[in-house]
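Student: Okay, so here is input.cif, and as you'll see once you scroll down, it has mmCIF, C-alpha atoms and all ligand atoms.
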data_input
loop_
_atom_site.label_atom_id
_atom_site.label_comp_id
_atom_site.auth_asym_id
_atom_site.auth_seq_id
_atom_site.Cartn_x
_atom_site.Cartn_y
_atom_site.Cartn_z
CA MET X 1 112.17 48.55 48.26
CA ALA X 2 110.58 51.07 50.68
CA PRO X 3 112.03 54.59 50.48
CA SER X 4 114.59 55.12 53.20
CA HIS X 5 115.16 58.89 53.35
CA LEU X 6 112.90 61.49 54.93
CA LEU X 7 112.38 64.72 53.05
CA LEU X 8 111.09 67.53 55.24
CA TYR X 9 109.83 70.82 53.85
CA CYS X 10 110.19 73.83 56.13
CA ARG X 11 110.21 77.59 56.29
CA ALA X 12 113.45 78.92 54.76
CA GLY X 13 115.90 79.64 57.57
CA PHE X 14 114.60 76.84 59.79
CA GLU X 15 116.50 73.93 58.23
CA ARG X 16 118.74 73.69 61.28
CA GLU X 17 115.75 73.39 63.62
CA CYS X 18 114.23 70.81 61.30
CA ALA X 19 117.49 68.85 61.36
CA GLN X 20 117.73 68.99 65.17
CA GLU X 21 114.14 67.94 65.54
CA ILE X 22 114.23 64.99 63.16
CA THR X 23 117.52 63.77 64.62
CA VAL X 24 116.05 63.76 68.12
CA ALA X 25 112.77 62.17 66.96
CA ALA X 26 114.64 59.44 65.04
CA ALA X 27 116.99 58.74 67.95
CA GLY X 28 113.95 58.45 70.18
CA MET X 29 112.78 55.66 67.90
CA GLY X 30 116.20 54.02 67.93
CA VAL X 31 117.29 55.26 64.49
CA GLU X 32 120.62 56.98 64.00
CA GLY X 33 121.45 58.95 60.90
CA PHE X 34 122.47 62.32 59.51
CA VAL X 35 120.73 65.27 57.94
CA LYS X 36 121.53 67.23 54.82
CA ALA X 37 120.13 70.71 55.30
CA ARG X 38 121.55 73.65 53.34
CA PRO X 39 120.80 76.98 55.08
CA ASP X 40 117.84 78.85 53.57
CA SER X 41 117.04 76.00 51.17
CA GLY X 42 113.56 75.39 52.63
CA PHE X 43 114.03 71.66 53.17
CA ALA X 44 116.11 69.01 54.93
CA VAL X 45 116.78 65.35 54.20
CA PHE X 46 117.32 62.76 56.93
CA GLN X 47 119.25 59.68 55.97
CA ALA X 48 119.44 56.75 58.38
CA HIS X 49 122.75 54.91 58.66
CA GLN X 50 120.81 51.75 57.90
CA ALA X 51 118.35 52.06 55.02
CA ALA X 52 115.90 49.52 56.48
CA MET X 53 115.74 51.51 59.73
CA GLY X 54 115.11 54.70 57.75
CA ALA X 55 112.23 53.05 55.91
CA GLU X 56 110.76 51.87 59.17
CA LEU X 57 111.12 55.32 60.70
CA GLY X 58 109.27 56.89 57.76
CA GLU X 59 106.37 54.54 58.31
CA HIS X 60 106.01 55.21 62.02
CA LEU X 61 107.02 58.81 62.58
CA ASP X 62 103.98 60.89 63.58
CA PHE X 63 103.88 64.07 61.49
CA SER X 64 101.50 65.82 63.87
CA ARG X 65 104.16 65.71 66.59
CA LEU X 66 106.76 67.51 64.49
CA VAL X 67 107.05 71.27 64.92
CA PHE X 68 109.17 72.59 62.08
CA PRO X 69 108.48 70.29 59.11
CA ARG X 70 105.61 71.44 56.91
CA GLN X 71 105.51 68.11 55.15
CA LEU X 72 106.97 64.65 55.63
CA VAL X 73 107.86 62.75 52.46
CA ARG X 74 109.48 59.35 52.30
CA THR X 75 111.89 59.32 49.42
CA GLY X 76 114.95 57.72 47.88
CA GLU X 77 118.10 59.34 46.52
CA LEU X 78 117.92 62.66 44.72
CA LEU X 79 117.33 62.22 41.00
CA ALA X 80 120.14 64.46 39.82
CA ALA X 81 121.16 65.45 36.29
CA LEU X 82 117.79 64.69 34.75
CA PRO X 83 118.24 64.79 30.98
CA GLU X 84 117.17 68.23 29.75
CA GLY X 85 115.22 66.78 26.85
CA ASP X 86 113.40 64.14 28.90
CA ARG X 87 113.00 64.76 32.60
CA VAL X 88 109.83 62.71 32.69
CA THR X 89 111.18 59.18 32.06
CA PRO X 90 113.43 58.91 35.17
CA ILE X 91 110.70 60.45 37.35
CA VAL X 92 108.15 57.93 36.11
CA ALA X 93 110.60 55.08 36.75
CA ALA X 94 111.16 56.29 40.31
CA ALA X 95 107.42 56.67 40.88
CA ARG X 96 106.74 53.21 39.47
CA ALA X 97 109.21 51.78 41.97
CA LEU X 98 107.14 53.33 44.78
CA GLY X 99 103.76 51.99 43.73
CA THR X 100 101.05 51.89 41.10
CA ALA X 101 98.23 53.83 42.74
CA PHE X 102 98.34 57.17 44.55
CA ALA X 103 95.67 59.47 45.92
CA SER X 104 97.21 62.44 44.11
CA LEU X 105 100.31 63.75 42.41
CA TRP X 106 101.86 66.91 43.81
CA LEU X 107 104.57 68.68 41.89
CA GLU X 108 106.34 70.83 44.43
CA MET X 109 109.41 72.92 45.16
CA PRO X 110 110.94 74.66 48.19
CA ASP X 111 109.14 77.75 49.47
CA THR X 112 112.04 80.07 48.60
CA ASN X 113 112.80 82.58 45.85
CA ASP X 114 114.75 79.90 44.01
CA GLY X 115 111.77 77.62 44.44
CA LYS X 116 109.48 80.21 42.88
CA ALA X 117 111.77 80.40 39.88
CA LEU X 118 111.70 76.61 39.65
CA ALA X 119 107.93 76.59 39.62
CA SER X 120 107.74 78.16 36.17
CA LEU X 121 110.21 75.57 34.93
CA ALA X 122 108.65 72.54 36.57
CA LYS X 123 104.91 73.23 36.33
CA PRO X 124 104.75 72.82 32.52
CA LEU X 125 105.98 69.26 33.09
CA LEU X 126 102.80 68.31 34.89
CA PRO X 127 100.60 67.27 31.92
CA HIS X 128 103.52 65.31 30.40
CA LEU X 129 104.14 63.59 33.70
CA GLU X 130 100.47 62.74 34.15
CA ARG X 131 100.31 61.19 30.69
CA ALA X 132 103.53 59.24 31.15
CA LEU X 133 102.45 57.92 34.57
CA ALA X 134 99.11 56.78 33.14
CA LYS X 135 100.96 55.04 30.32
CA ALA X 136 103.22 53.30 32.85
CA GLY X 137 100.15 52.06 34.74
CA VAL X 138 100.45 54.44 37.68
CA ALA X 139 97.14 55.88 38.89
CA ILE X 140 97.38 59.31 40.51
CA ASP X 141 93.77 59.99 41.46
CA ASP X 142 92.83 56.84 43.31
CA ALA X 143 90.68 58.01 46.23
CA GLU X 144 91.29 54.70 48.02
CA ALA X 145 95.07 54.91 47.79
CA PRO X 146 96.72 55.54 51.17
CA GLU X 147 99.57 57.63 49.80
CA ARG X 148 100.26 60.70 47.72
CA LEU X 149 103.03 60.93 45.17
CA HIS X 150 105.39 63.92 45.52
CA VAL X 151 107.80 65.20 42.91
CA PHE X 152 109.86 67.86 44.69
CA PHE X 153 112.13 69.91 42.43
CA VAL X 154 115.26 71.31 44.04
CA GLY X 155 116.84 72.40 40.76
CA GLY X 156 115.86 72.56 37.10
CA ARG X 157 117.25 69.08 36.59
CA ALA X 158 117.06 67.61 40.07
CA CYS X 159 114.14 66.34 42.10
CA TYR X 160 113.12 63.92 44.82
CA VAL X 161 110.34 61.48 44.07
CA GLY X 162 108.60 60.28 47.20
CA LEU X 163 105.37 59.56 48.95
CA SER X 164 103.44 60.68 52.00
CA ALA X 165 100.59 58.96 53.80
CA THR X 166 97.32 60.86 53.36
CA THR X 167 96.72 60.32 57.08
CA ASN X 168 100.20 61.37 58.20
CA GLY X 169 101.25 64.63 56.63
CA SER X 170 100.08 68.02 55.52
CA ALA X 171 96.89 68.01 53.48
CA TRP X 172 98.15 70.89 51.32
CA PRO X 173 100.65 70.94 48.44
CA MET X 174 104.03 72.20 49.69
CA GLY X 175 102.52 72.02 53.17
CA ILE X 176 101.04 75.46 52.59
CA PRO X 177 97.36 76.14 53.24
CA ARG X 178 96.37 78.91 50.85
CA LEU X 179 94.10 81.03 53.00
CA ARG X 180 92.58 84.21 51.65
CA MET X 181 92.81 87.29 53.87
CA PRO X 182 89.21 87.89 54.99
CA SER X 183 88.18 91.44 54.10
CA GLY X 184 86.52 92.14 57.47
CA ALA X 185 89.41 90.98 59.67
CA PRO X 186 91.30 93.77 61.46
CA SER X 187 94.82 92.32 61.04
CA ARG X 188 96.79 89.81 58.99
CA SER X 189 97.49 87.84 62.18
CA THR X 190 93.98 86.53 61.73
CA LEU X 191 95.39 83.97 59.26
CA LYS X 192 97.58 82.46 61.99
CA LEU X 193 94.61 81.52 64.11
CA ALA X 194 92.62 80.39 61.05
CA GLU X 195 95.50 78.06 60.16
CA ALA X 196 95.86 76.92 63.79
CA PHE X 197 92.22 75.75 63.78
CA LEU X 198 92.89 73.82 60.57
CA ALA X 199 96.11 72.30 61.90
CA PHE X 200 95.03 71.39 65.43
CA LEU X 201 91.24 71.11 65.33
CA PRO X 202 90.33 70.20 61.74
CA GLY X 203 86.61 70.10 61.10
CA ARG X 204 85.80 71.12 64.68
CA THR X 205 82.73 73.29 65.17
CA PHE X 206 81.59 75.07 68.33
CA GLU X 207 78.20 75.69 69.89
CA PRO X 208 77.19 79.32 69.34
CA GLY X 209 77.97 81.29 72.49
CA THR X 210 80.96 79.13 73.53
CA THR X 211 83.20 81.32 75.66
CA ALA X 212 86.77 82.37 74.86
CA VAL X 213 89.42 84.75 76.13
CA ASP X 214 91.87 86.40 73.73
CA LEU X 215 95.02 87.63 75.52
CA GLY X 216 96.90 90.34 73.60
CA ALA X 217 93.90 90.73 71.33
CA ALA X 218 94.33 94.16 69.70
CA PRO X 219 93.45 95.10 67.06
CA GLY X 220 91.38 91.91 66.87
CA GLY X 221 92.41 89.53 64.09
CA TRP X 222 92.22 86.50 66.38
CA SER X 223 89.02 87.68 68.06
CA TRP X 224 87.54 88.08 64.58
CA GLN X 225 88.21 84.38 63.86
CA LEU X 226 86.56 83.43 67.15
CA VAL X 227 83.53 85.59 66.35
CA GLN X 228 83.20 83.85 62.95
CA ARG X 229 83.06 80.54 64.82
CA GLY X 230 80.27 81.76 67.11
CA PHE X 231 82.33 82.41 70.26
CA MET X 232 81.58 85.06 72.86
CA VAL X 233 85.00 86.64 73.37
CA THR X 234 86.66 88.59 76.16
CA ALA X 235 89.45 90.49 74.41
CA VAL X 236 92.23 91.49 76.83
CA ASP X 237 94.64 94.19 75.70
CA ASN X 238 95.57 97.71 76.73
CA GLY X 239 95.58 98.67 73.05
CA PRO X 240 92.49 99.64 71.03
CA MET X 241 90.24 97.01 69.45
CA ASP X 242 88.68 97.31 66.02
CA ALA X 243 85.37 99.19 66.37
CA ALA X 244 83.41 97.01 63.93
CA LEU X 245 84.43 93.92 65.86
CA LEU X 246 83.14 95.41 69.11
CA ASP X 247 79.89 96.28 67.28
CA SER X 248 79.38 92.55 66.58
CA GLY X 249 78.11 92.23 70.16
CA GLN X 250 80.25 89.10 70.60
CA VAL X 251 83.39 90.84 71.88
CA ARG X 252 83.89 92.51 75.24
CA HIS X 253 87.10 94.52 75.52
CA ARG X 254 88.98 94.45 78.84
CA ARG X 255 91.89 96.89 79.14
CA ASP X 256 94.11 94.78 81.33
CA ASP X 257 97.43 92.98 81.51
CA GLY X 258 97.18 89.52 80.00
CA PHE X 259 99.42 88.10 82.71
CA HIS X 260 97.15 89.40 85.48
CA TYR X 261 93.70 88.92 83.98
CA ARG X 262 91.65 86.04 85.43
CA PRO X 263 88.30 85.02 83.98
CA PRO X 264 85.41 85.37 86.45
CA GLU X 265 84.09 82.02 85.13
CA PRO X 266 86.03 79.23 83.39
CA VAL X 267 85.96 79.53 79.59
CA ALA X 268 86.20 76.87 76.91
CA LEU X 269 89.14 78.34 75.03
CA MET X 270 91.98 80.74 75.73
CA VAL X 271 94.03 82.12 72.84
CA CYS X 272 97.13 84.24 73.28
CA ASP X 273 99.22 86.23 70.80
CA MET X 274 101.09 88.50 73.21
CA VAL X 275 104.63 89.34 72.20
CA GLU X 276 106.58 88.05 75.18
CA SER X 277 109.30 85.54 75.95
CA PRO X 278 108.18 82.03 74.94
CA SER X 279 108.78 80.56 78.37
CA ARG X 280 106.53 83.18 80.01
CA ILE X 281 103.74 82.46 77.53
CA ALA X 282 104.17 78.69 77.88
CA ARG X 283 103.87 78.95 81.66
CA LEU X 284 100.88 81.26 81.38
CA ALA X 285 99.06 78.78 79.11
CA ALA X 286 99.97 75.90 81.41
CA SER X 287 98.60 77.81 84.40
CA TRP X 288 95.28 78.52 82.61
CA ILE X 289 94.91 74.78 81.98
CA ALA X 290 96.18 73.77 85.43
CA GLN X 291 93.81 76.17 87.21
CA GLY X 292 90.89 75.10 85.04
CA TRP X 293 90.37 78.66 83.73
CA CYS X 294 90.07 77.14 80.23
CA ARG X 295 89.78 73.65 78.79
CA GLU X 296 91.85 74.33 75.67
CA ALA X 297 94.44 76.91 74.71
CA ILE X 298 96.02 78.07 71.46
CA PHE X 299 99.04 80.30 71.86
CA ASN X 300 101.89 81.70 69.89
CA LEU X 301 105.50 81.34 71.02
CA LYS X 302 107.79 84.00 69.56
CA LEU X 303 111.16 82.33 69.08
CA PRO X 304 114.52 83.85 69.96
CA MET X 305 117.10 84.43 67.20
CA LYS X 306 119.33 81.63 68.43
CA LYS X 307 118.81 78.21 70.02
CA ARG X 308 115.21 78.16 68.87
CA TRP X 309 114.86 74.40 69.12
CA GLU X 310 116.37 74.39 72.61
CA GLU X 311 113.97 77.14 73.67
CA LEU X 312 111.00 75.10 72.50
CA GLU X 313 112.25 72.08 74.39
CA ARG X 314 112.53 74.30 77.45
CA CYS X 315 108.92 75.49 76.98
CA ARG X 316 107.76 71.90 76.64
CA GLY X 317 109.58 71.03 79.86
CA LEU X 318 108.01 73.97 81.73
CA ILE X 319 104.51 73.01 80.58
CA ASP X 320 105.10 69.43 81.63
CA GLU X 321 106.38 70.53 85.01
CA ASP X 322 103.46 72.89 85.62
CA LEU X 323 100.95 70.23 84.60
CA GLY X 324 102.42 67.59 86.85
CA GLY X 325 104.09 65.50 84.17
CA GLY X 326 101.00 64.26 82.31
CA GLY X 327 97.28 64.32 81.71
CA TYR X 328 97.50 66.88 78.93
CA PHE X 329 97.72 67.02 75.14
CA LEU X 330 100.29 69.35 73.55
CA ARG X 331 101.09 69.99 69.91
CA MET X 332 103.31 72.68 68.44
CA LYS X 333 103.63 73.70 64.79
CA GLN X 334 105.44 76.34 62.89
CA LEU X 335 102.47 77.25 60.72
CA TYR X 336 102.87 78.69 57.25
CA HIS X 337 101.53 82.01 58.53
CA ASP X 338 103.98 81.99 61.45
CA ARG X 339 107.29 83.75 61.00
CA GLU X 340 109.91 83.57 63.78
CA GLU X 341 107.37 81.82 65.95
CA VAL X 342 105.43 78.62 66.44
CA THR X 343 101.84 78.04 67.47
CA ALA X 344 100.87 75.62 70.20
CA TYR X 345 97.69 73.81 71.20
CA LEU X 346 97.30 72.62 74.79
CA ALA X 347 94.36 70.80 76.37
CA ARG X 348 93.56 68.67 79.38
CA ARG X 349 93.21 65.02 78.48
C1 LIG R 401 100.87 90.61 67.81
S1 LIG R 401 99.76 91.68 68.61
C2 LIG R 401 98.29 90.75 68.63
C3 LIG R 401 97.56 90.75 67.33
C4 LIG R 401 96.21 90.11 67.45
N1 LIG R 401 96.32 88.68 67.75
C5 LIG R 401 95.44 90.27 66.17
O1 LIG R 401 95.18 89.26 65.50
O2 LIG R 401 95.07 91.38 65.84
C6 LIG R 401 100.27 91.59 70.25
C7 LIG R 401 99.36 92.33 71.21
O3 LIG R 401 99.70 91.93 72.51
C8 LIG R 401 99.47 93.01 73.35
N2 LIG R 401 100.20 92.76 74.61
C9 LIG R 401 101.53 92.63 74.79
N3 LIG R 401 101.80 92.40 76.09
C10 LIG R 401 100.60 92.38 76.71
C11 LIG R 401 100.20 92.18 78.05
N4 LIG R 401 101.10 91.95 79.02
N5 LIG R 401 98.89 92.19 78.34
C12 LIG R 401 97.96 92.41 77.39
N6 LIG R 401 98.29 92.60 76.09
C13 LIG R 401 99.59 92.60 75.77
C14 LIG R 401 99.93 94.21 72.59
O4 LIG R 401 99.28 95.37 73.07
C15 LIG R 401 99.49 93.85 71.17
O5 LIG R 401 98.25 94.42 70.86
#
I'd like the structure from this file rewritten - as structure tokens, please.
Ligand SMILES: C[S@@+](CC[C@H](N)C(=O)[O-])C[C@H]1O[C@@H](n2cnc3c(N)ncnc32)[C@H](O)[C@@H]1O

Tutor:
Amino acid sequence: MAPSHLLLYCRAGFERECAQEITVAAAGMGVEGFVKARPDSGFAVFQAHQAAMGAELGEHLDFSRLVFPRQLVRTGELLAALPEGDRVTPIVAAARALGTAFASLWLEMPDTNDGKALASLAKPLLPHLERALAKAGVAIDDAEAPERLHVFFVGGRACYVGLSATTNGSAWPMGIPRLRMPSGAPSRSTLKLAEAFLAFLPGRTFEPGTTAVDLGAAPGGWSWQLVQRGFMVTAVDNGPMDAALLDSGQVRHRRDDGFHYRPPEPVALMVCDMVESPSRIARLAASWIAQGWCREAIFNLKLPMKKRWEELERCRGLIDEDLGGGGYFLRMKQLYHDREEVTAYLARR
């Protein structure tokens, strides 16, 4: 029996947005259901009213289109009250019901303080689980297998056992890319753009000398990422840029307002990390694409405290309106390195 629930990992505090998003996405595919999402738990579970419809939804939902979920796992009911002395046996039985070959086994927990405490409890289980799965005839390192096996602990004696398609989900355990802060980068924000490249343009390389504009660039964490990728960057900000970055010879600093600056020649990429209302940034990015000032754009939308999902929908609507209702490609993600914000990628088709 195919798993009928959808388990979505998210940033703690964004369960409500996750719930709104999955409900809308499911309804759009003709599936009605409800979501269990405890505030600050770091995950949400969507349950279709009809199990078969839920299973179908899990197979066809496109993870890359979802903003708030960090991972998409198809699962069954919570395994609650696992026997203290033997948590492994019920987990193996649930895994066996899902299949006999998986690309990997990920033992995970919510990205919360409670989750961190659970990690020390759950991680020692791993070797026992691996042995027991092997004994039950379940392979967990089959490179050909299309799915990963997830064991997601939500309590010391409670977990979900589910699967995710290797081609339709996050490629990192817990949906968290572990990026090291580069020592030469001028700000921690640099990790946001590094993660955005991984999320939106995986494996993409650029010809040395490709042009880019960085709006709201100071002190230069995003420009630094562009420099590492060989770009020639125009960094627009009234604030000071990191001196070493300017010494690279690949960054030209323009003290200007990011909303007024226009590139003298079209550039390949525009990136924008200005702290402004999301709708203003969305419209700015749309206008850069519409005017042909850049071919692609990566920009950060700082979310309001309330109605965050609604605000994103509004931004999407504004972009669509400004780009004439089509002919573009838009993805938004709340990246691990994002806080009260999401990152978007926009390009002409
Ligand atoms: C979050 S910081 C950018 C950090 C940068 N991405 C990095 O990695 O170092 C936001 C920047 O946007 C700039 N900014 C805000 N409004 C701006 C505007 N209208 N025009 C140009 N820069 C602006 C601020 O001066 C600030 O340096």

Student: Quick one: residues within 7 Å of ligand LIG 401 (chain R), with all atoms listed in the file, as a ChimeraX atom specification?

Tutor: /X:186-190,215-223,236-239,256-259,273-276

Student: My list of candidates is X:Lys192, X:Arg252, X:His5, X:Arg280. Which is closest to Leu303 of chain X when distances are computed with only C-alpha atoms?

Tutor: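 Going through X:Lys192, X:Arg252, X:His5, X:Arg280 one by one, the smallest distance to Leu303 of chain X is for X:Arg280.
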
Student: For the point (99.3, 72.2, 68.6) in the file's frame, write as a PyMOL selection string all residues with an atom no more than 10 Å away, counting all atoms listed in the file.

Tutor: chain X and resi 64-67+196-197+199-201+297-300+329-335+342-347

Student: Rank nothing, just name the residue among X:Ala19, X:Leu61, X:Ala145, X:Leu126 nearest to Ala103 of chain X, using all atoms listed in the file.

Tutor: X:Ala145

Student: Check the smallest atom-to-atom distance from each of X:Gly137, X:Gly203, X:Gly58, X:Pro173 to Leu72 of chain X using all atoms listed in the file, then report the winner.

Tutor: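 Answer, going by the shortest atom-to-atom distance: X:Gly58.
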
Student: Let me make sure I understand: among X:Gly99, X:Gly156, X:Phe63, X:Val73, which one has the smallest atom-to-atom distance to Lys123 of chain X if we use only C-alpha atoms?

Tutor: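 The shortest atom-to-atom distance to Lys123 of chain X comes from X:Gly156.
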
Student: Near segment 21-30 of chain X, counting only C-alpha atoms, which residues have an atom at most 10 Å away, once you skip same-chain residues fewer than 5 positions from it, shown as a ChimeraX atom specification?

Tutor: /X:6,8,15-16,35,44-48,53-54,56-58,60-62,65-69,309-310,313

Student: One decimal, in Å: what's the spacing between atom CA of Leu118 of chain X and atom CA of His150 of chain X?

Tutor: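 Computing the Euclidean distance for atom CA of Leu118 of chain X and atom CA of His150 of chain X yields 15.3 Å.
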
Student: What would the list of residues within 9 Å of (108.5, 64.4, 33.2) (file frame) look like as a PyMOL selection string, if all atoms listed in the file are what count?

Tutor: chain X and resi 86-92+122+125-130+132-133

Student: Record the distance separating atom CA of Gly85 of chain X and atom CA of Phe153 of chain X, expressed in Å with one decimal.

Tutor: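 About the pair atom CA of Gly85 of chain X and atom CA of Phe153 of chain X: they are 16.2 Å apart.
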
Student: Return the single residue from X:Leu269, X:Cys10, X:Ala2, X:Ala136 that is closest to Gln71 of chain X, with distances computed using all atoms listed in the file.

Tutor: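 Once distances to Gln71 of chain X are computed over all atoms listed in the file, the minimum belongs to X:Cys10.
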
Student: Pick the closest to Ala95 of chain X from X:Glu147, X:Asp338, X:Glu311, X:Glu265: which is it, counting all atoms listed in the file?

Tutor: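 Closest to Ala95 of chain X of all the choices is X:Glu147.
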
Student: For a test of reading the model, state the distance in Å between atom CA of Leu301 of chain X and atom CA of Phe43 of chain X, rounded to one decimal.

Tutor: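 Answer for the atom CA of Leu301 of chain X to atom CA of Phe43 of chain X separation: 22.0 Å.
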
Student: Write out all heavy atoms for segment 210-218 of chain X, as a compact mmCIF listing (two decimals), in the frame of the given file.

Tutor:
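Wrote selection_3.txt, looks like this:
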# COMPACT_ATOMS: atom_id res chain seq x y z
N THR X 210 79.83 79.72 72.78
CA THR X 210 80.96 79.13 73.53
C THR X 210 81.90 80.27 73.93
O THR X 210 82.13 81.20 73.16
CB THR X 210 81.71 78.10 72.65
OG1 THR X 210 80.78 77.12 72.20
CG2 THR X 210 82.83 77.42 73.42
N THR X 211 82.43 80.18 75.14
CA THR X 211 83.20 81.32 75.66
C THR X 211 84.70 81.19 75.37
O THR X 211 85.26 80.08 75.38
CB THR X 211 83.01 81.45 77.18
OG1 THR X 211 83.24 80.15 77.76
CG2 THR X 211 81.62 81.93 77.51
N ALA X 212 85.32 82.34 75.12
CA ALA X 212 86.77 82.37 74.86
C ALA X 212 87.37 83.64 75.42
O ALA X 212 86.69 84.67 75.52
CB ALA X 212 87.03 82.28 73.37
N VAL X 213 88.65 83.56 75.75
CA VAL X 213 89.42 84.75 76.13
C VAL X 213 90.57 84.89 75.14
O VAL X 213 91.22 83.90 74.78
CB VAL X 213 89.98 84.61 77.57
CG1 VAL X 213 91.02 85.68 77.85
CG2 VAL X 213 88.86 84.69 78.59
N ASP X 214 90.78 86.11 74.67
CA ASP X 214 91.87 86.40 73.73
C ASP X 214 92.85 87.34 74.43
O ASP X 214 92.54 88.52 74.65
CB ASP X 214 91.26 87.04 72.46
CG ASP X 214 92.30 87.34 71.39
OD1 ASP X 214 93.50 87.11 71.64
OD2 ASP X 214 91.90 87.81 70.30
N LEU X 215 94.02 86.81 74.81
CA LEU X 215 95.02 87.63 75.52
C LEU X 215 95.95 88.30 74.51
O LEU X 215 96.54 87.61 73.67
CB LEU X 215 95.83 86.76 76.48
CG LEU X 215 95.05 86.02 77.58
CD1 LEU X 215 96.00 85.13 78.40
CD2 LEU X 215 94.32 87.00 78.48
N GLY X 216 96.11 89.60 74.60
CA GLY X 216 96.90 90.34 73.60
C GLY X 216 96.12 90.41 72.31
O GLY X 216 96.59 90.01 71.25
N ALA X 217 94.88 90.89 72.41
CA ALA X 217 93.90 90.73 71.33
C ALA X 217 93.95 91.81 70.26
O ALA X 217 93.50 91.58 69.13
CB ALA X 217 92.49 90.69 71.93
N ALA X 218 94.46 93.02 70.62
CA ALA X 218 94.33 94.16 69.70
C ALA X 218 95.23 94.01 68.46
O ALA X 218 96.32 93.47 68.57
CB ALA X 218 94.71 95.44 70.46
